[in-house]
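So this one's data_29.json, JSON, C-alpha atoms:
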[["chain", "number", "residue", "atom", "x", "y", "z"],
["E", 3, "MET", "CA", -38.29, 30.26, 2.06],
["E", 4, "ALA", "CA", -36.02, 32.40, -0.14],
["E", 5, "THR", "CA", -37.60, 35.56, 1.27],
["E", 6, "GLU", "CA", -36.93, 34.34, 4.79],
["E", 7, "ILE", "CA", -33.26, 33.86, 3.92],
["E", 8, "GLU", "CA", -33.04, 37.44, 2.64],
["E", 9, "HIS", "CA", -34.74, 38.86, 5.74],
["E", 10, "GLY", "CA", -32.74, 36.66, 8.11],
["E", 11, "ARG", "CA", -29.25, 37.45, 6.86],
["E", 12, "ALA", "CA", -28.45, 40.46, 9.05],
["E", 13, "ALA", "CA", -29.82, 38.83, 12.19],
["E", 14, "GLU", "CA", -27.97, 35.56, 11.64],
["E", 15, "ARG", "CA", -24.64, 37.28, 10.98],
["E", 16, "ALA", "CA", -25.09, 39.64, 13.92],
["E", 17, "GLY", "CA", -25.46, 36.57, 16.15],
["E", 18, "VAL", "CA", -22.19, 35.13, 14.75],
["E", 19, "ARG", "CA", -23.58, 31.62, 14.45],
["E", 20, "PRO", "CA", -21.35, 29.30, 12.43],
["E", 21, "GLY", "CA", -22.71, 28.00, 9.16],
["E", 22, "SER", "CA", -24.65, 29.45, 6.25],
["E", 23, "ASP", "CA", -27.95, 31.30, 6.07],
["E", 24, "GLY", "CA", -29.37, 28.33, 4.21],
["E", 25, "GLU", "CA", -28.51, 25.80, 6.89],
["E", 26, "HIS", "CA", -29.93, 28.09, 9.59],
["E", 27, "LEU", "CA", -33.15, 28.38, 7.61],
["E", 28, "MET", "CA", -33.42, 24.60, 7.22],
["E", 29, "GLN", "CA", -32.78, 24.15, 10.93],
["E", 30, "ARG", "CA", -35.72, 26.40, 11.73],
["E", 31, "HIS", "CA", -38.00, 24.62, 9.27],
["E", 32, "LEU", "CA", -37.06, 21.16, 10.55],
["E", 33, "GLY", "CA", -36.85, 22.05, 14.22],
["E", 34, "THR", "CA", -33.16, 21.23, 14.66],
["E", 35, "THR", "CA", -31.88, 24.66, 15.73],
["E", 36, "GLU", "CA", -31.28, 23.67, 19.35],
["E", 37, "ARG", "CA", -29.41, 20.52, 18.34],
["E", 38, "ALA", "CA", -27.38, 22.47, 15.77],
["E", 39, "ASP", "CA", -26.49, 25.16, 18.31],
["E", 40, "ARG", "CA", -25.24, 22.50, 20.70],
["E", 41, "PHE", "CA", -23.00, 21.12, 17.93],
["E", 42, "TYR", "CA", -21.76, 24.62, 17.02],
["E", 43, "ASP", "CA", -20.99, 25.40, 20.66],
["E", 44, "GLU", "CA", -19.29, 22.12, 21.51],
["E", 45, "GLN", "CA", -17.61, 20.96, 18.30],
["E", 46, "VAL", "CA", -16.95, 23.78, 15.82],
["E", 47, "LEU", "CA", -13.57, 25.48, 16.35],
["E", 48, "ASP", "CA", -11.88, 28.26, 14.41],
["E", 49, "GLN", "CA", -8.51, 26.52, 14.72],
["E", 50, "LEU", "CA", -6.96, 23.07, 14.92],
["E", 51, "ASN", "CA", -6.54, 21.95, 18.51],
["E", 52, "GLN", "CA", -3.79, 19.53, 19.53],
["E", 53, "HIS", "CA", -5.88, 16.41, 18.91],
["E", 54, "MET", "CA", -6.83, 17.67, 15.45],
["E", 55, "ARG", "CA", -3.22, 18.51, 14.56],
["E", 56, "GLU", "CA", -2.11, 15.02, 15.55],
["E", 57, "PHE", "CA", -4.95, 13.51, 13.50],
["E", 58, "VAL", "CA", -4.02, 15.53, 10.40],
["E", 59, "ALA", "CA", -0.34, 14.62, 10.68],
["E", 60, "ARG", "CA", -0.98, 10.88, 10.28],
["E", 61, "GLN", "CA", -3.54, 10.99, 7.44],
["E", 62, "GLU", "CA", -2.73, 9.55, 4.01],
["E", 63, "MET", "CA", -5.69, 10.97, 2.08],
["E", 64, "PHE", "CA", -8.48, 13.52, 2.08],
["E", 65, "PHE", "CA", -11.35, 14.79, -0.03],
["E", 66, "LEU", "CA", -11.26, 18.36, -1.32],
["E", 67, "ALA", "CA", -14.30, 20.47, -2.22],
["E", 68, "SER", "CA", -14.00, 23.70, -4.18],
["E", 69, "ALA", "CA", -16.15, 25.93, -6.37],
["E", 70, "ASP", "CA", -15.52, 28.53, -9.03],
["E", 71, "ARG", "CA", -16.72, 32.12, -8.83],
["E", 72, "ARG", "CA", -20.16, 31.08, -10.12],
["E", 73, "GLY", "CA", -20.54, 28.47, -7.39],
["E", 74, "GLU", "CA", -20.13, 25.49, -9.72],
["E", 75, "CYS", "CA", -18.61, 22.78, -7.55],
["E", 76, "ASP", "CA", -15.97, 20.10, -7.78],
["E", 77, "SER", "CA", -14.87, 17.45, -5.31],
["E", 78, "THR", "CA", -11.70, 15.44, -5.62],
["E", 79, "PHE", "CA", -9.35, 13.07, -3.82],
["E", 80, "ARG", "CA", -5.84, 13.74, -2.61],
["E", 81, "ALA", "CA", -3.36, 11.19, -1.23],
["E", 82, "GLY", "CA", 0.23, 10.89, -0.13],
["E", 83, "PRO", "CA", 2.42, 9.42, 2.59],
["E", 84, "PRO", "CA", 1.52, 10.10, 6.26],
["E", 85, "GLY", "CA", 2.35, 13.72, 6.96],
["E", 86, "PHE", "CA", 1.88, 14.90, 3.37],
["E", 87, "VAL", "CA", -0.59, 17.39, 4.82],
["E", 88, "ARG", "CA", 1.63, 19.58, 6.96],
["E", 89, "VAL", "CA", 0.27, 21.53, 9.93],
["E", 90, "LEU", "CA", 2.20, 24.79, 10.09],
["E", 91, "ASP", "CA", 0.36, 26.06, 13.16],
["E", 92, "GLU", "CA", -3.09, 25.85, 14.74],
["E", 93, "ARG", "CA", -4.59, 28.02, 11.99],
["E", 94, "THR", "CA", -2.64, 26.93, 8.92],
["E", 95, "LEU", "CA", -2.11, 23.70, 7.01],
["E", 96, "MET", "CA", -0.49, 23.00, 3.69],
["E", 97, "TYR", "CA", -0.51, 20.14, 1.20],
["E", 98, "PRO", "CA", 1.35, 19.39, -2.06],
["E", 99, "GLU", "CA", -0.26, 19.23, -5.47],
["E", 100, "TYR", "CA", 1.22, 16.29, -7.34],
["E", 101, "ARG", "CA", 1.17, 15.77, -11.08],
["E", 102, "GLY", "CA", -2.33, 14.92, -12.30],
["E", 103, "ASN", "CA", -4.32, 14.84, -15.53],
["E", 104, "GLY", "CA", -3.47, 18.43, -16.42],
["E", 105, "VAL", "CA", -7.03, 19.73, -16.08],
["E", 106, "MET", "CA", -6.28, 21.74, -12.90],
["E", 107, "ALA", "CA", -9.94, 21.84, -11.88],
["E", 108, "SER", "CA", -9.31, 22.41, -8.18],
["E", 109, "MET", "CA", -6.47, 24.86, -8.75],
["E", 110, "GLY", "CA", -8.62, 26.76, -11.23],
["E", 111, "ASN", "CA", -11.45, 26.97, -8.72],
["E", 112, "ILE", "CA", -9.12, 28.20, -5.97],
["E", 113, "ALA", "CA", -7.73, 30.83, -8.34],
["E", 114, "GLU", "CA", -11.29, 32.17, -8.72],
["E", 115, "ASN", "CA", -12.70, 31.37, -5.27],
["E", 116, "PRO", "CA", -10.35, 30.65, -2.35],
["E", 117, "GLN", "CA", -12.95, 28.96, -0.14],
["E", 118, "VAL", "CA", -12.31, 25.21, 0.20],
["E", 119, "GLY", "CA", -13.62, 22.33, 2.25],
["E", 120, "ILE", "CA", -11.39, 19.45, 3.32],
["E", 121, "LEU", "CA", -12.70, 16.15, 4.70],
["E", 122, "MET", "CA", -10.24, 13.68, 6.22],
["E", 123, "VAL", "CA", -11.60, 10.26, 7.15],
["E", 124, "ASP", "CA", -9.68, 7.65, 9.12],
["E", 125, "PHE", "CA", -11.22, 4.37, 7.95],
["E", 126, "THR", "CA", -8.69, 2.05, 9.59],
["E", 127, "ARG", "CA", -7.72, 3.23, 13.06],
["E", 128, "ASP", "CA", -10.05, 5.72, 14.74],
["E", 129, "ARG", "CA", -12.95, 5.48, 12.25],
["E", 130, "ILE", "CA", -13.66, 9.17, 12.58],
["E", 131, "GLY", "CA", -13.54, 12.21, 10.32],
["E", 132, "LEU", "CA", -12.41, 15.82, 10.48],
["E", 133, "HIS", "CA", -13.79, 18.72, 8.45],
["E", 134, "VAL", "CA", -11.54, 21.71, 7.81],
["E", 135, "ASN", "CA", -13.02, 24.70, 5.99],
["E", 136, "GLY", "CA", -10.96, 27.74, 5.11],
["E", 137, "ARG", "CA", -9.37, 30.05, 2.57],
["E", 138, "ALA", "CA", -6.70, 28.66, 0.28],
["E", 139, "ARG", "CA", -3.86, 30.13, -1.70],
["E", 140, "ILE", "CA", -1.59, 28.50, -4.27],
["E", 141, "LEU", "CA", 2.19, 28.57, -3.82],
["E", 142, "LEU", "CA", 5.07, 27.42, -6.03],
["E", 143, "ASP", "CA", 7.20, 24.56, -4.70],
["E", 144, "GLU", "CA", 10.37, 26.67, -4.70],
["E", 145, "GLU", "CA", 8.58, 29.41, -2.77],
["E", 146, "VAL", "CA", 7.41, 26.94, -0.12],
["E", 147, "ARG", "CA", 10.84, 25.35, 0.27],
["E", 148, "ALA", "CA", 12.48, 28.75, 0.60],
["E", 149, "HIS", "CA", 10.25, 29.50, 3.59],
["E", 150, "HIS", "CA", 10.16, 25.94, 4.96],
["E", 151, "PRO", "CA", 13.60, 24.38, 4.35],
["E", 152, "ASP", "CA", 12.73, 21.56, 6.78],
["E", 153, "ILE", "CA", 10.45, 19.94, 4.18],
["E", 154, "PRO", "CA", 12.40, 16.90, 2.92],
["E", 155, "PRO", "CA", 12.59, 15.93, -0.76],
["E", 156, "ASP", "CA", 9.88, 13.50, -1.75],
["E", 157, "PRO", "CA", 11.33, 9.96, -1.64],
["E", 158, "ALA", "CA", 8.94, 8.42, -4.18],
["E", 159, "PRO", "CA", 10.29, 8.23, -7.76],
["E", 160, "GLY", "CA", 8.22, 10.35, -10.12],
["E", 161, "ARG", "CA", 6.39, 12.17, -7.35],
["E", 162, "ARG", "CA", 7.24, 15.84, -6.97],
["E", 163, "ALA", "CA", 5.08, 18.73, -5.89],
["E", 164, "ARG", "CA", 4.92, 21.51, -8.45],
["E", 165, "LEU", "CA", 2.50, 23.53, -6.35],
["E", 166, "TRP", "CA", 1.36, 23.64, -2.74],
["E", 167, "VAL", "CA", -1.96, 24.79, -1.32],
["E", 168, "GLU", "CA", -1.89, 26.69, 1.95],
["E", 169, "VAL", "CA", -5.19, 26.77, 3.84],
["E", 170, "THR", "CA", -6.04, 29.26, 6.56],
["E", 171, "VAL", "CA", -8.45, 27.46, 8.91],
["E", 172, "GLN", "CA", -11.83, 29.06, 9.51],
["E", 173, "GLU", "CA", -13.75, 26.05, 10.80],
["E", 174, "ALA", "CA", -12.68, 22.65, 12.09],
["E", 175, "TYR", "CA", -15.14, 20.06, 13.36],
["E", 176, "ILE", "CA", -15.76, 16.35, 13.74],
["E", 177, "HIS", "CA", -17.44, 13.99, 11.27],
["E", 178, "CYS", "CA", -19.09, 11.36, 13.44],
["E", 179, "ALA", "CA", -18.18, 7.68, 13.24],
["E", 180, "LYS", "CA", -21.72, 6.35, 12.92],
["E", 181, "HIS", "CA", -21.70, 5.62, 9.18],
["E", 182, "ILE", "CA", -17.95, 5.36, 8.54],
["E", 183, "PRO", "CA", -17.03, 1.80, 7.52],
["E", 184, "HIS", "CA", -14.13, 0.09, 9.27],
["E", 185, "LEU", "CA", -11.57, -0.89, 6.62],
["E", 186, "GLN", "CA", -8.30, -2.77, 6.85],
["E", 187, "LYS", "CA", -5.08, -1.79, 5.11],
["E", 188, "VAL", "CA", -3.50, -4.32, 2.80],
["E", 189, "PRO", "CA", 0.03, -5.28, 3.95],
["E", 190, "PRO", "CA", 2.72, -3.47, 1.92],
["E", 191, "GLN", "CA", 3.98, -6.68, 0.31],
["E", 192, "GLN", "CA", 0.51, -7.33, -1.12],
["E", 193, "ARG", "CA", -0.02, -3.88, -2.60],
["E", 194, "ALA", "CA", 0.53, -3.04, -6.23],
["E", 195, "ALA", "CA", 3.23, -0.42, -6.70],
["E", 196, "ARG", "CA", 2.00, 3.11, -7.30],
["E", 197, "ASP", "CA", 3.18, 4.52, -10.62],
["E", 198, "TRP", "CA", 3.61, 8.12, -9.53],
["E", 199, "GLY", "CA", 3.93, 10.43, -12.52],
["E", 200, "THR", "CA", 3.09, 7.76, -15.09],
["E", 201, "ASP", "CA", 1.42, 8.60, -18.38],
["E", 202, "ASP", "CA", 0.67, 4.96, -19.14],
["E", 203, "TYR", "CA", -3.01, 4.80, -20.13],
["E", 204, "ARG", "CA", -3.72, 1.40, -18.59],
["E", 205, "ARG", "CA", -1.85, 2.09, -15.36],
["E", 206, "LYS", "CA", -3.85, 5.26, -14.88],
["E", 207, "GLY", "CA", -7.11, 3.32, -15.14],
["E", 208, "GLY", "CA", -7.67, 3.22, -18.88],
["E", 209, "ASP", "CA", -11.24, 3.79, -20.03],
["E", 210, "PHE", "CA", -12.71, 2.17, -16.89],
["E", 211, "PHE", "CA", -16.08, 3.95, -17.17],
["E", 212, "GLY", "CA", -16.27, 3.75, -20.96],
["E", 213, "ALA", "CA", -16.28, 7.53, -21.44],
["E", 214, "ALA", "CA", -13.70, 7.53, -24.25],
["E", 215, "GLU", "CA", -15.52, 4.72, -26.07],
["E", 216, "GLN", "CA", -18.80, 6.60, -25.74],
["E", 217, "ALA", "CA", -17.27, 9.83, -26.99],
["E", 218, "ALA", "CA", -15.68, 8.05, -29.95],
["E", 219, "SER", "CA", -18.90, 6.25, -30.90],
["E", 220, "SER", "CA", -20.94, 9.46, -30.69],
["E", 221, "GLY", "CA", -18.39, 11.48, -32.64],
["E", 222, "HIS", "CA", -17.82, 13.83, -29.71],
["E", 223, "ALA", "CA", -14.21, 12.89, -28.97],
["E", 224, "ARG", "CA", -12.17, 16.10, -28.77],
["E", 225, "HIS", "CA", -8.66, 14.69, -28.59],
["E", 226, "ASP", "CA", -7.13, 12.17, -30.93],
["E", 227, "GLY", "CA", -4.47, 11.37, -28.33],
["E", 228, "ILE", "CA", -6.85, 9.37, -26.10],
["E", 229, "PRO", "CA", -6.65, 5.75, -27.22],
["E", 230, "SER", "CA", -9.84, 3.92, -28.07],
["E", 231, "THR", "CA", -10.73, 0.53, -26.63],
["E", 232, "THR", "CA", -9.55, -1.11, -29.85],
["E", 233, "THR", "CA", -5.92, -0.03, -29.37],
["E", 234, "SER", "CA", -3.27, -1.74, -27.33],
["E", 235, "GLY", "CA", -3.64, 0.89, -24.61],
["E", 236, "SER", "CA", 0.10, 1.54, -24.49],
["E", 237, "GLU", "CA", -0.10, 5.07, -25.89],
["E", 238, "ALA", "CA", 0.49, 7.91, -23.45],
["E", 239, "TYR", "CA", -1.75, 10.92, -23.17]]

Write out the structure in this file as structure tokens.
Amino acid sequence: MATEIEHGRAAERAGVRPGSDGEHLMQRHLGTTERADRFYDEQVLDQLNQHMREFVARQEMFFLASADRRGECDSTFRAGPPGFVRVLDERTLMYPEYRGNGVMASMGNIAENPQVGILMVDFTRDRIGLHVNGRARILLDEEVRAHHPDIPPDPAPGRRARLWVEVTVQEAYIHCAKHIPHLQKVPPQQRAARDWGTDDYRRKGGDFFGAAEQAASSGHARHDGIPSTTTSGSEAY
């Protein structure tokens, strides 16, 4: 199978089929090439059409996939108010990077490898998804605002973008509704307030999965600043 990939590369790229050599190989082995070509022809665009731009503009969250230069992957979650992902034009979108845990995994990956995958899923209204794949670059907040003075200040206390990620669209295509659950939003008066920018250990989730406790018990804890489960949990980290 690996040999077939090597031999098939030039032919696949000459035909300008969307997708990777690996997916084309698997299509041939499983007999799905015709079905895949129909999807490529009918659904895969190299830009955001009007319907896609309207969809992006009302989303409050998405999932981001990135990889470093060695191909080691990371996937993460991003959220904000409707419109936090801004569509600059049919081939460009941009989103803010809010304050996180300081690891900068996604930003580090993009610094090494600009290829990213974005998946937006509407669980509550249309129950549909949109994939956007493209090349990303990291911009400073002041640089973005100098070029886009129409971006308003963020109204949420403690929430301020330090960086923005600009994505040049290479592929945009649907994620079908078949297995997307239909969820309902909790009314605003019933939601717990979001503590944007907090360093409070408990408010950020504490040791929900027991990783800090496990590290402490095994002697592998690397940072004394992470509170153990025996503390009050009020320390910041």

What gap, in Å, lies between CA of Asp76 in chain E and CA of Ile130 in chain E?
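Interatomic distance here is 23.2 Å.
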
What separation in Å, quoted to one decimal, exists between CA of Arg147 in chain E and CA of Asn111 in chain E?
24.1 Å

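As for CA of Tyr100 in chain E and CA of Lys187 in chain E, they are spaced 22.8 Å apart.
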
Go through E:Leu50, E:Ala138, E:Val58, E:Met122 one by one, measure the shortest atom-to-atom distance of each to Asp91 in chain E using all atoms listed in the file, and give the residue with the smallest value.
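Counting all atoms listed in the file, the residue closest to Asp91 in chain E is E:Leu50.
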
Selected residue, from E:Leu141, E:Asp209, E:Leu90, E:Ile120, that lies nearest to Thr78 in chain E when counting all atoms listed in the file
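Nearest to Thr78 in chain E: E:Ile120.
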
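Between His53 in chain E and the residues E:His181, E:Asp202, E:Glu92, E:Arg30, the shortest atom-to-atom distance, using all atoms listed in the file, involves E:Glu92.
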
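The shortest atom-to-atom distance to Ala195 in chain E, with all atoms listed in the file taken into account, belongs to E:Ala158 out of E:Val105, E:Ala174, E:Leu142, E:Ala158.
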
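The smallest atom-to-atom distance between His177 in chain E and any of E:Cys75, E:Arg204, E:Phe41, E:Ser68, using all atoms listed in the file, is found for E:Phe41.
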
Which residue out of E:Gly102, E:Gly21, E:Gly73, E:Gly85 has the minimum interatomic distance to Pro116 in chain E when all atoms listed in the file are used?
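The closest residue to Pro116 in chain E is E:Gly73.
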
Give the centre and edge lengths of an axis-aligned box, in Å to one decimal, that holds all listed atoms of range 53-69 of chain E with 3 Å on each side, as AutoDock Vina command-line options.
--center_x -8.2 --center_y 17.7 --center_z 6.3 --size_x 21.8 --size_y 22.4 --size_z 31.3

Env of range 36-40 of chain E: 10 Å cut, atoms = all atoms listed in the file, seq-sep filter 4 positions within chain, self excluded. Answer as a list of chain:residue names.
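So the residues in contact are E:Arg19, E:Pro20, E:Gly21, E:Glu25, E:His26, E:Gln29, E:Arg30, E:Glu44, E:Gln45, E:Val46.
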
Near-range 164-169 of chain E list (7 Å; all atoms listed in the file; drop same-chain fewer than 4 positions) as a ChimeraX atom specification:
/E:94-100,136-143
